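Next up, final-v1.cif (mmCIF, C-alpha atoms):
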data_input
loop_
_atom_site.label_atom_id
_atom_site.label_comp_id
_atom_site.auth_asym_id
_atom_site.auth_seq_id
_atom_site.Cartn_x
_atom_site.Cartn_y
_atom_site.Cartn_z
CA MET A 1 -1.76 -1.96 43.52
CA TYR A 2 -0.37 -2.93 46.92
CA SER A 3 1.52 -6.18 47.25
CA ALA A 4 0.51 -8.60 49.98
CA ASP A 5 3.59 -7.91 52.08
CA ARG A 6 2.80 -4.20 52.10
CA CYS A 7 -0.68 -5.01 53.31
CA LEU A 8 0.70 -6.94 56.31
CA PHE A 9 4.15 -5.55 57.08
CA VAL A 10 2.85 -2.66 59.12
CA ASP A 11 3.92 -1.13 62.34
CA SER A 12 2.37 -1.97 65.74
CA ILE A 13 -1.03 -3.32 66.68
CA ARG A 14 -3.80 -3.16 69.20
CA VAL A 15 -7.03 -5.10 69.37
CA SER A 16 -10.12 -3.21 68.26
CA ARG A 17 -13.58 -3.65 69.71
CA GLN A 18 -14.91 -5.10 66.51
CA ASP A 19 -12.67 -8.16 66.33
CA GLY A 20 -10.07 -6.31 64.35
CA LEU A 21 -6.54 -5.07 64.70
CA PHE A 22 -5.44 -1.46 64.54
CA LEU A 23 -1.92 -1.05 63.16
CA SER A 24 -0.18 2.19 64.03
CA ASP A 25 3.17 3.64 63.03
CA LYS A 26 5.45 1.74 65.42
CA THR A 27 7.41 -1.36 64.61
CA VAL A 28 5.68 -4.73 64.88
CA PRO A 29 7.56 -7.38 66.92
CA SER A 30 9.24 -9.85 64.64
CA SER A 31 7.53 -12.72 66.46
CA PHE A 32 4.15 -11.40 65.35
CA VAL A 33 5.22 -10.89 61.75
CA SER A 34 6.74 -14.37 61.59
CA SER A 35 3.52 -15.89 62.89
CA ILE A 36 1.60 -14.65 59.85
CA SER A 37 2.14 -16.48 56.59
CA LEU A 38 0.41 -15.61 53.35
CA LYS A 39 -1.87 -18.18 51.84
CA THR A 40 -2.24 -16.32 48.55
CA GLN A 41 -0.69 -13.32 46.90
CA LYS A 42 -4.02 -11.76 46.00
CA CYS A 43 -4.41 -8.18 47.04
CA PHE A 44 -7.71 -6.39 46.51
CA VAL A 45 -7.49 -2.65 46.09
CA ASP A 46 -10.08 -0.01 45.46
CA LYS A 47 -9.54 2.70 42.87
CA ASN A 48 -8.30 5.12 45.51
CA GLU A 49 -5.88 2.52 46.89
CA ASN A 50 -7.39 2.86 50.36
CA VAL A 51 -8.38 -0.77 50.90
CA CYS A 52 -6.58 -4.09 50.54
CA LEU A 53 -7.59 -7.66 51.13
CA VAL A 54 -5.46 -10.80 51.48
CA SER A 55 -5.81 -14.32 52.69
CA CYS A 56 -3.39 -15.57 55.31
CA SER A 57 -2.85 -18.01 58.13
CA TRP A 58 -1.86 -17.29 61.71
CA GLY A 59 -0.28 -19.91 63.94
CA GLY A 60 -1.52 -22.69 61.70
CA GLN A 61 -5.13 -21.41 61.81
CA THR A 62 -6.38 -20.46 58.34
CA LEU A 63 -7.92 -17.04 58.44
CA GLY A 64 -10.52 -15.67 56.11
CA PRO A 65 -9.70 -12.74 53.87
CA VAL A 66 -8.14 -9.82 55.70
CA LYS A 67 -9.89 -6.47 55.37
CA SER A 68 -7.63 -3.47 55.82
CA ARG A 69 -8.76 0.14 55.69
CA ARG A 70 -6.98 3.45 56.14
CA SER A 71 -7.80 4.90 59.55
CA GLY A 72 -8.68 8.54 59.22
CA GLY A 73 -5.97 9.16 56.63
CA LYS A 74 -3.29 9.34 59.37
CA GLY A 75 -1.15 6.46 58.26
CA GLY A 76 -2.73 3.72 60.39
CA TRP A 77 -4.67 0.71 59.20
CA VAL A 78 -7.65 -1.14 60.69
CA LEU A 79 -7.16 -4.85 60.05
CA SER A 80 -10.33 -6.97 60.34
CA VAL A 81 -10.05 -10.73 59.96
CA SER A 82 -12.54 -13.57 59.85
CA LEU A 83 -11.56 -16.66 61.82
CA SER A 84 -13.90 -18.74 59.70
CA ARG A 85 -12.50 -21.12 57.09
CA GLU A 86 -15.21 -20.03 54.70
CA GLU A 87 -14.25 -17.92 51.73
CA GLY A 88 -15.56 -14.48 52.29
CA TYR A 89 -15.81 -11.84 54.94
CA VAL A 90 -18.97 -10.02 55.81
CA GLY A 91 -18.48 -6.57 57.29
CA ASP A 92 -20.74 -4.79 59.72
CA SER A 93 -22.86 -3.44 56.93
CA GLY A 94 -23.47 -6.91 55.60
CA GLU A 95 -21.26 -6.14 52.63
CA ASP A 96 -19.56 -9.19 51.16
CA TRP A 97 -15.79 -8.78 50.77
CA GLY A 98 -15.15 -12.36 49.88
CA GLN A 99 -15.79 -14.47 46.86
CA ASN A 100 -18.29 -12.13 45.31
CA GLY A 101 -16.19 -9.07 46.12
CA ASP A 102 -16.98 -5.39 46.40
CA ASN A 103 -17.98 -3.43 43.33
CA ASN A 104 -15.20 -0.93 44.04
CA LEU A 105 -12.49 -3.60 44.35
CA GLU A 106 -10.36 -5.11 41.65
CA THR A 107 -8.20 -8.20 41.78
CA VAL A 108 -5.01 -8.83 39.91
CA GLU A 109 -6.85 -11.41 37.86
CA GLU A 110 -9.52 -8.88 36.90
CA VAL A 111 -6.88 -6.39 35.77
CA LYS A 112 -5.22 -9.06 33.65
CA GLU A 113 -8.59 -10.04 32.21
CA LYS A 114 -9.28 -6.43 31.26
CA LYS A 115 -5.89 -6.19 29.56
CA GLY A 116 -6.55 -9.44 27.73
CA SER A 117 -10.01 -8.36 26.64
CA GLY A 118 -8.51 -5.08 25.39
CA ALA A 119 -6.10 -6.99 23.17
CA LEU A 120 -8.94 -9.22 21.98
CA ASN A 121 -11.09 -6.18 21.22
CA THR A 122 -8.25 -4.66 19.19
CA THR A 123 -7.90 -7.89 17.21
CA LYS A 124 -11.63 -8.00 16.50
CA HIS A 125 -11.57 -4.32 15.54
CA LEU A 126 -8.77 -4.97 13.03
CA TRP A 127 -10.55 -8.03 11.64
CA ALA A 128 -13.70 -6.00 11.07
CA GLY A 129 -11.75 -3.59 8.86
CA ALA A 130 -9.88 -6.40 7.11
CA VAL A 131 -13.05 -8.31 6.22
CA ALA A 132 -14.61 -5.10 4.95
CA ALA A 133 -11.63 -4.62 2.61
CA MET A 134 -11.70 -8.24 1.38
CA VAL A 135 -15.38 -8.14 0.49
CA SER A 136 -15.37 -4.71 -1.10
CA ARG A 137 -12.16 -5.22 -3.11
CA THR A 138 -13.26 -8.55 -4.50
CA PHE A 139 -16.57 -7.02 -5.52
CA ILE A 140 -15.01 -4.11 -7.39
CA ALA A 141 -11.84 -5.83 -8.69
CA PRO A 142 -12.86 -5.42 -12.37
CA LEU A 143 -13.19 -1.66 -11.92
CA GLU A 144 -9.82 -1.55 -10.17
CA ARG A 145 -8.26 -3.31 -13.17
CA LEU A 146 -9.73 -0.75 -15.57
CA LYS A 147 -8.48 2.09 -13.39
CA LEU A 148 -4.92 0.76 -13.41
CA GLU A 149 -4.99 0.30 -17.19
CA TYR A 150 -5.72 4.01 -17.60
CA ILE A 151 -3.25 5.24 -15.00
CA VAL A 152 -0.31 2.86 -15.41
CA ARG A 153 -0.46 1.81 -19.05
CA GLY A 154 -1.78 5.13 -20.34
CA GLU A 155 -4.70 3.44 -22.05
CA LYS A 156 -6.32 5.58 -24.76
CA ARG A 157 -9.23 3.35 -25.72
CA SER A 158 -12.75 4.03 -24.52
CA LEU A 159 -14.09 2.20 -21.50
CA ILE A 160 -16.26 -0.16 -23.57
CA GLU A 161 -13.40 -0.98 -25.95
CA LEU A 162 -11.05 -1.66 -23.03
CA ILE A 163 -13.56 -4.03 -21.43
CA LYS A 164 -13.90 -5.95 -24.70
CA TRP A 165 -10.13 -6.15 -25.12
CA ILE A 166 -9.54 -7.56 -21.61
CA ALA A 167 -12.34 -10.11 -22.04
CA ALA A 168 -11.00 -11.23 -25.42
CA SER A 169 -7.32 -11.41 -24.48
CA GLU A 170 -7.47 -12.71 -20.89
CA GLY A 171 -10.98 -14.00 -20.37
CA LEU A 172 -13.26 -13.28 -17.45
CA LYS A 173 -10.54 -13.96 -14.89
CA GLY A 174 -8.53 -11.12 -16.41
CA PHE A 175 -10.79 -8.64 -14.60
CA TRP A 176 -9.64 -10.12 -11.29
CA LYS A 177 -5.97 -10.07 -12.24
CA GLY A 178 -3.92 -9.15 -9.20
CA ASN A 179 -6.95 -9.28 -6.89
CA PHE A 180 -5.29 -11.61 -4.36
CA LEU A 181 -2.33 -9.26 -4.08
CA ASN A 182 -4.73 -6.34 -3.90
CA ILE A 183 -6.47 -7.99 -0.94
CA LEU A 184 -3.09 -8.60 0.73
CA ARG A 185 -2.44 -4.87 0.36
CA THR A 186 -5.84 -3.40 1.15
CA ALA A 187 -6.92 -5.73 3.97
CA PRO A 188 -4.19 -4.61 6.41
CA PHE A 189 -4.41 -1.07 5.06
CA LYS A 190 -8.14 -0.78 5.73
CA ALA A 191 -7.88 -2.63 9.02
CA ILE A 192 -5.24 -0.19 10.27
CA ASN A 193 -7.07 2.76 8.75
CA PHE A 194 -10.44 2.07 10.38
CA TYR A 195 -8.89 1.14 13.71
CA ALA A 196 -6.48 4.09 13.76
CA TYR A 197 -9.30 6.52 13.00
CA ASP A 198 -11.38 5.28 15.91
CA ILE A 199 -8.36 5.40 18.23
CA TYR A 200 -7.25 8.89 17.17
CA ARG A 201 -10.77 10.27 17.38
CA SER A 202 -11.23 8.73 20.83
CA GLN A 203 -7.96 10.23 22.08
CA LEU A 204 -8.77 13.66 20.67
CA LEU A 205 -12.15 13.43 22.36
CA LYS A 206 -10.50 12.69 25.70
CA LEU A 207 -8.09 15.61 25.28
CA SER A 208 -10.86 18.05 24.45
CA GLY A 209 -13.20 16.77 27.14
CA ASN A 210 -16.20 17.08 24.83
CA GLU A 211 -19.04 14.58 24.70
CA GLU A 212 -18.83 14.36 20.91
CA ALA A 213 -16.02 14.93 18.44
CA THR A 214 -16.00 18.22 16.55
CA ASN A 215 -15.70 18.32 12.77
CA SER A 216 -12.07 19.46 12.99
CA GLU A 217 -11.27 16.54 15.31
CA ARG A 218 -12.89 14.14 12.85
CA PHE A 219 -10.85 15.51 9.94
CA LEU A 220 -7.64 15.48 11.98
CA ALA A 221 -8.21 11.90 13.13
CA GLY A 222 -8.94 10.83 9.55
CA ALA A 223 -5.75 12.47 8.26
CA ALA A 224 -3.64 10.83 10.97
CA ALA A 225 -5.22 7.44 10.25
CA GLY A 226 -4.45 7.78 6.54
CA ILE A 227 -0.81 8.63 7.22
CA THR A 228 -0.43 5.76 9.68
CA ALA A 229 -1.83 3.19 7.27
CA THR A 230 0.26 4.55 4.38
CA LEU A 231 3.54 4.26 6.28
CA LEU A 232 2.81 0.65 7.17
CA CYS A 233 1.35 -0.59 3.89
CA LEU A 234 3.01 1.35 1.03
CA PRO A 235 5.57 -1.37 0.12
CA MET A 236 2.84 -3.87 -0.81
CA ASP A 237 1.10 -1.26 -2.93
CA THR A 238 4.36 -0.50 -4.77
CA ILE A 239 4.98 -4.19 -5.53
CA ARG A 240 1.47 -4.61 -6.86
CA THR A 241 1.83 -1.60 -9.16
CA VAL A 242 5.10 -3.00 -10.58
CA MET A 243 3.48 -6.39 -11.18
CA VAL A 244 0.57 -4.89 -13.12
CA ALA A 245 2.86 -2.66 -15.22
CA PRO A 246 4.19 -3.81 -18.64
CA GLY A 247 6.77 -6.56 -18.09
CA GLY A 248 5.54 -7.25 -14.58
CA GLU A 249 4.41 -10.75 -15.56
CA ALA A 250 8.04 -11.79 -16.09
CA LEU A 251 9.06 -10.99 -12.49
CA GLY A 252 7.59 -14.21 -11.12
CA GLY A 253 4.78 -13.08 -8.86
CA LEU A 254 4.86 -11.36 -5.48
CA ILE A 255 8.12 -12.81 -4.17
CA GLY A 256 9.85 -12.38 -7.52
CA ALA A 257 8.81 -8.73 -7.80
CA PHE A 258 9.91 -8.07 -4.22
CA CYS A 259 13.36 -9.65 -4.76
CA HIS A 260 13.80 -7.86 -8.09
CA MET A 261 13.14 -4.44 -6.56
CA ILE A 262 15.44 -5.07 -3.59
CA GLN A 263 18.29 -6.35 -5.80
CA THR A 264 18.08 -3.70 -8.49
CA GLU A 265 16.99 -0.58 -6.60
CA GLY A 266 17.43 -1.26 -2.90
CA PHE A 267 15.02 -1.58 0.01
CA PHE A 268 13.79 2.00 -0.08
CA SER A 269 12.49 1.50 -3.61
CA LEU A 270 9.51 -0.10 -1.87
CA TYR A 271 8.68 3.38 -0.59
CA LYS A 272 8.61 5.07 -3.97
CA GLY A 273 6.14 7.92 -3.92
CA LEU A 274 6.02 8.08 -0.12
CA LEU A 275 5.69 11.87 0.00
CA PRO A 276 2.85 12.15 -2.51
CA SER A 277 1.26 9.11 -0.87
CA ILE A 278 1.21 10.86 2.48
CA ILE A 279 0.11 14.13 0.88
CA SER A 280 -2.66 12.15 -0.83
CA MET A 281 -3.76 9.95 2.04
CA ALA A 282 -3.87 12.68 4.69
CA PRO A 283 -6.65 14.69 2.97
CA SER A 284 -8.18 11.50 1.59
CA GLY A 285 -8.52 9.98 5.06
CA ALA A 286 -9.69 13.28 6.48
CA VAL A 287 -12.48 13.60 3.91
CA PHE A 288 -13.40 9.90 3.83
CA TYR A 289 -13.86 9.47 7.57
CA GLY A 290 -14.80 13.04 8.34
CA VAL A 291 -17.65 13.25 5.83
CA TYR A 292 -19.11 9.89 6.85
CA ASP A 293 -18.91 10.73 10.55
CA ILE A 294 -20.49 14.15 10.02
CA LEU A 295 -23.36 12.66 7.99
CA LYS A 296 -23.84 9.93 10.59
CA SER A 297 -23.83 12.37 13.49
CA ALA A 298 -26.29 14.67 11.74
CA TYR A 299 -28.70 11.79 11.17
CA LEU A 300 -28.44 10.41 14.72
CA HIS A 301 -29.25 13.87 16.12
CA SER A 302 -32.24 14.29 13.83
CA PRO A 303 -35.76 13.33 15.03
CA GLU A 304 -35.74 10.34 12.69
CA GLY A 305 -32.36 9.20 13.98
CA ARG A 306 -33.33 9.57 17.64
CA LYS A 307 -36.50 7.59 16.99
CA ARG A 308 -34.48 4.82 15.33
CA ILE A 309 -32.10 4.59 18.29
CA GLN A 310 -35.04 4.45 20.68
CA ASP A 311 -36.68 1.67 18.62
CA MET A 312 -33.38 -0.25 18.60
CA LYS A 313 -33.15 -0.05 22.40
CA GLN A 314 -36.68 -1.36 22.72
CA GLY A 315 -35.94 -4.21 20.30
CA GLY A 316 -32.95 -5.32 22.36
CA GLN A 317 -31.50 -8.74 21.62
CA GLU A 318 -34.30 -9.63 19.23
CA LEU A 319 -32.74 -7.51 16.47
CA ASN A 320 -30.35 -9.12 13.99
CA ALA A 321 -27.01 -7.56 13.04
CA PHE A 322 -28.40 -5.57 10.11
CA GLU A 323 -31.24 -4.22 12.21
CA GLN A 324 -28.71 -3.11 14.83
CA LEU A 325 -26.93 -0.81 12.36
CA GLU A 326 -27.42 2.72 13.67
CA LEU A 327 -27.94 4.14 10.19
CA GLY A 328 -29.63 1.08 8.74
CA PRO A 329 -28.19 -0.80 5.72
CA VAL A 330 -29.38 1.58 2.99
CA ARG A 331 -28.27 4.76 4.74
CA THR A 332 -24.91 3.19 5.64
CA LEU A 333 -24.33 2.35 1.97
CA LEU A 334 -25.41 5.83 0.86
CA TYR A 335 -23.26 7.74 3.35
CA GLY A 336 -20.29 5.48 2.63
CA ALA A 337 -20.61 6.12 -1.11
CA ILE A 338 -20.86 9.90 -0.61
CA ALA A 339 -17.78 9.90 1.63
CA GLY A 340 -15.83 7.80 -0.86
CA ALA A 341 -16.76 10.00 -3.83
CA CYS A 342 -15.80 13.20 -2.00
CA SER A 343 -12.50 11.71 -0.94
CA GLU A 344 -11.60 10.39 -4.39
CA ALA A 345 -12.47 13.59 -6.26
CA ALA A 346 -10.48 15.74 -3.83
CA THR A 347 -7.28 13.71 -3.96
CA TYR A 348 -7.23 11.94 -7.33
CA PRO A 349 -4.36 13.96 -8.90
CA PHE A 350 -2.09 12.85 -6.03
CA GLU A 351 -2.99 9.25 -6.86
CA VAL A 352 -1.95 9.71 -10.48
CA VAL A 353 1.40 11.25 -9.50
CA ARG A 354 2.05 8.49 -6.96
CA ARG A 355 1.44 5.75 -9.51
CA HIS A 356 3.84 7.36 -11.97
CA LEU A 357 6.52 7.70 -9.28
CA GLN A 358 6.20 4.02 -8.44
CA MET A 359 6.81 3.13 -12.09
CA GLN A 360 10.06 5.07 -12.38
CA VAL A 361 13.47 3.39 -12.35
CA ARG A 362 16.51 4.86 -10.64
CA ALA A 363 18.20 6.05 -13.84
CA THR A 364 15.33 8.33 -14.84
CA LYS A 365 13.86 9.02 -11.44
CA LEU A 366 12.15 12.38 -10.95
CA GLY A 367 10.77 14.08 -7.88
CA ALA A 368 7.09 14.41 -7.13
CA LEU A 369 6.80 17.97 -8.41
CA ALA A 370 8.83 17.23 -11.55
CA THR A 371 6.69 14.18 -12.23
CA CYS A 372 3.53 16.25 -11.88
CA VAL A 373 4.86 18.86 -14.31
CA LYS A 374 5.84 16.16 -16.80
CA ILE A 375 2.37 14.62 -16.69
CA VAL A 376 0.75 18.00 -17.35
CA GLN A 377 3.19 18.77 -20.19
CA GLN A 378 2.47 15.48 -21.91
CA GLY A 379 -1.28 15.30 -21.45
CA GLY A 380 -2.49 18.60 -20.03
CA ILE A 381 -4.35 19.15 -16.77
CA SER A 382 -6.82 16.44 -17.74
CA ALA A 383 -4.00 13.89 -17.50
CA LEU A 384 -4.04 14.34 -13.72
CA TYR A 385 -7.60 13.03 -13.82
CA ALA A 386 -6.97 10.15 -16.21
CA GLY A 387 -9.19 7.26 -15.20
CA LEU A 388 -11.31 9.33 -12.80
CA ILE A 389 -14.62 8.00 -14.15
CA PRO A 390 -13.74 4.29 -13.72
CA SER A 391 -12.13 5.25 -10.43
CA LEU A 392 -15.34 6.84 -9.18
CA LEU A 393 -17.30 3.84 -10.44
CA GLN A 394 -14.94 1.75 -8.34
CA VAL A 395 -14.92 3.98 -5.27
CA LEU A 396 -18.69 4.41 -4.94
CA PRO A 397 -19.50 0.72 -4.41
CA SER A 398 -16.17 0.09 -2.66
CA ALA A 399 -16.67 2.77 -0.02
CA ALA A 400 -20.33 1.88 0.40
CA ILE A 401 -19.64 -1.84 0.86
CA SER A 402 -16.61 -1.14 3.08
CA TYR A 403 -18.64 0.87 5.57
CA LEU A 404 -21.58 -1.54 5.50
CA VAL A 405 -19.40 -4.62 6.09
CA TYR A 406 -17.27 -2.80 8.67
CA GLU A 407 -20.25 -1.66 10.73
CA PHE A 408 -21.84 -5.09 10.33
CA MET A 409 -18.70 -6.95 11.44
CA LYS A 410 -18.29 -4.71 14.48
CA ILE A 411 -21.75 -5.80 15.60
CA VAL A 412 -21.17 -9.49 14.79
CA LEU A 413 -17.78 -9.55 16.54
CA LYS A 414 -19.12 -7.38 19.39
CA VAL A 415 -16.36 -4.80 19.06
CA GLU A 416 -16.38 -2.34 21.94
CA PRO A 417 -15.89 1.40 21.24
CA ALA A 418 -12.24 2.46 21.13
#
Output the structure of this file as structure tokens.
Amino acid sequence: MYSADRCLFVDSIRVSRQDGLFLSDKTVPSSFVSSISLKTQKCFVDKNENVCLVSCSWGGQTLGPVKSRRSGGKGGWVLSVSLSREEGYVGDSGEDWGQNGDNNLETVEEVKEKKGSGALNTTKHLWAGAVAAMVSRTFIAPLERLKLEYIVRGEKRSLIELIKWIAASEGLKGFWKGNFLNILRTAPFKAINFYAYDIYRSQLLKLSGNEEATNSERFLAGAAAGITATLLCLPMDTIRTVMVAPGGEALGGLIGAFCHMIQTEGFFSLYKGLLPSIISMAPSGAVFYGVYDILKSAYLHSPEGRKRIQDMKQGGQELNAFEQLELGPVRTLLYGAIAGACSEAATYPFEVVRRHLQMQVRATKLGALATCVKIVQQGGISALYAGLIPSLLQVLPSAAISYLVYEFMKIVLKVEPA
């Protein structure tokens, strides 16, 4: 972007036939330069930086916008000015260079607006993922509670007996125990996860130059998104696990659990199980996002999918948010559930190891591999899949609702593609 002084501080001049000034490569007399004062600092530039436009005054006479174009690429400039006080300059072709502007020109204000809208779009994108997490987690909170009872407390009772015990001892609200903290953990996690996946996939698409992402690019973007979200959100997950564990009630809630861990084990205790978390979330994210994207792409390229897209275009603004879903509500729920089930089944043993690592204290702390061996020794291979059934019961509706709400919120908030 040229500054206004660069547009005007040129070399020498001569009058053109078309009421303009040609500026060559010789020095302009200082008297001429001093006679021109800038009225604004706006400088219009095309994408090739060949044109600039400023407003100025000359000898007290306010000039219209100044149109300056490279002359034959030889270093000179043709400077055309309008002596009218009106805002706008009309060139020989009748093209308006003034208030309405040229389609190929951008102002500083427009650039700032684009940057601002980019930040706003990012915020809306993150909110779409966060709302999806809030809705889905609240809906499946009872199943999450049952899952943690099996993994963390080593519950041996059957699922029905465990449900009766929680209802009798804690009441109905016991099934939503820790849900607020779970939302605090999963909302930013899902927001970052969804957003990071779209960003990584978009960047990989630009690097490859393809019109559509390949399956390997989808899996890679999903893995990178899972790792990114894990690094940023693991501490909250660790605190929540400690609070749900036996004796966690005595720590005094979120702040109390946080202070207790920092005082007794140090700051990095918040990152217990980081390695297995990353090892777990990389394939989990790859499968979760990759499978959904592959299923979605396959449908949209099918005759039925192409017909749906065509019908949506014909419907235009008359369609509501649910009708604007590319897959439709039912198919979005179905594909989300399939992606969630595949992801959970493929990575569940890592989840079990991670939870056990988070429960360890410094005195008896074991590594990830040693913890895995210990679990197998105590309960066999099946111990690595303890709680898988309630976990799948949780994941199926959670993943389905997450994708439905996420896609819905992107339409409602008018999120632009990354």
What are the centre and the three edge lengths of an axis-aligned box that wraps all atoms of region 291-302 of chain A in the file, given that 8 Å is added to every side, written as JSON and rounded to one decimal in Å?
{"center_x": -24.9, "center_y": 12.3, "center_z": 11.0, "size_x": 30.6, "size_y": 20.8, "size_z": 26.3}
At what distance in Å, to one decimal, does CA of Ser391 (chain A) lie from CA of Ala345 (chain A)?
9.3 Å
Select from region 257-304 of chain A every residue with an atom at most 6 Å from any atom of region 204-223 of chain A, then for each give the shortest pair of atoms and their distance in Å to one decimal, using all atoms listed in the file, rows by chain and rising number, as CSV.
residue,atom,partner,partner_atom,distance
A:Ala282,CA,A:Ala223,CA,4.0
A:Pro283,CA,A:Ala223,CA,5.8
A:Gly285,CA,A:Gly222,CA,4.6
A:Ala286,CA,A:Gly222,CA,4.0
A:Tyr289,CA,A:Gly222,CA,5.5
A:Gly290,CA,A:Phe219,CA,4.9
Non-local contacts of region 118-127 of chain A (12 Å; all atoms listed in the file; under 4 positions in same chain excluded) as a short mmCIF file (atom, residue, chain, number, x, y, z; two decimals) with C-alpha atoms, in the frame of the given file:
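So the final result, stored in selection.cif, reads:
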data_model
loop_
_atom_site.label_atom_id
_atom_site.label_comp_id
_atom_site.auth_asym_id
_atom_site.auth_seq_id
_atom_site.Cartn_x
_atom_site.Cartn_y
_atom_site.Cartn_z
CA VAL A 111 -6.88 -6.39 35.77
CA LYS A 112 -5.22 -9.06 33.65
CA GLU A 113 -8.59 -10.04 32.21
CA LYS A 114 -9.28 -6.43 31.26
CA VAL A 131 -13.05 -8.31 6.22
CA ALA A 132 -14.61 -5.10 4.95
CA ALA A 133 -11.63 -4.62 2.61
CA MET A 134 -11.70 -8.24 1.38
CA ALA A 187 -6.92 -5.73 3.97
CA PRO A 188 -4.19 -4.61 6.41
CA PHE A 189 -4.41 -1.07 5.06
CA LYS A 190 -8.14 -0.78 5.73
CA ALA A 191 -7.88 -2.63 9.02
CA ILE A 192 -5.24 -0.19 10.27
CA ASN A 193 -7.07 2.76 8.75
CA PHE A 194 -10.44 2.07 10.38
CA TYR A 195 -8.89 1.14 13.71
CA ALA A 196 -6.48 4.09 13.76
CA TYR A 197 -9.30 6.52 13.00
CA ASP A 198 -11.38 5.28 15.91
CA ILE A 199 -8.36 5.40 18.23
CA VAL A 405 -19.40 -4.62 6.09
CA TYR A 406 -17.27 -2.80 8.67
CA GLU A 407 -20.25 -1.66 10.73
CA PHE A 408 -21.84 -5.09 10.33
CA MET A 409 -18.70 -6.95 11.44
CA LYS A 410 -18.29 -4.71 14.48
CA ILE A 411 -21.75 -5.80 15.60
CA VAL A 412 -21.17 -9.49 14.79
CA LEU A 413 -17.78 -9.55 16.54
CA LYS A 414 -19.12 -7.38 19.39
CA VAL A 415 -16.36 -4.80 19.06
CA GLU A 416 -16.38 -2.34 21.94
CA PRO A 417 -15.89 1.40 21.24
CA ALA A 418 -12.24 2.46 21.13
#
Residues returned when the PyMOL selection byres ((chain A and resi 393-397) around 8) runs on this file, as a ChimeraX atom specification:
/A:136,140,143-144,336-338,340-341,344,389-392,398-401
Nearest residue to Met281 (chain A) from the set A:Ser202, A:Thr332, A:Thr347, A:Ser158 (distances using all atoms listed in the file):
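Residue with the minimum atom-to-atom distance to Met281 (chain A): A:Thr347.
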List the spatial neighbours of region 367-384 of chain A as a list in words - criterion: any atom at most 10 Å away, all atoms listed in the file, same-chain residues fewer than 5 positions off excluded.
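My reading of the contact set: Ile151, Gly154, Lys272, Gly273, Leu274, Leu275, Pro276, Tyr348, Pro349, Phe350, Glu351, Val352, Val353, Arg354, His356, Leu357 and Gln360 of chain A.
Across the structure, CA of Tyr335 (chain A) and CA of Asp293 (chain A) are spaced 8.9 Å apart.
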To one decimal place in Å, what is the distance between CA of Ile309 (chain A) and CA of Cys342 (chain A)?
27.4 Å
Nearest residue to Arg240 (chain A) from the set A:Ala128, A:Ile166, A:Met359, A:Ile294 (distances using all atoms listed in the file):
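Distance minimum relative to Arg240 (chain A) lands on A:Met359.
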Counting all atoms listed in the file, figure out which residue out of A:Pro235, A:Pro329, A:Pro246, A:Pro303 gets nearest to Met261 (chain A).
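That would be A:Pro235, the residue with the smallest distance to Met261 (chain A).
Of the listed residues (A:Phe139, A:Lys164, A:Leu159, A:Lys147), A:Phe139 comes nearest to Ile183 (chain A); the distances count all atoms listed in the file.
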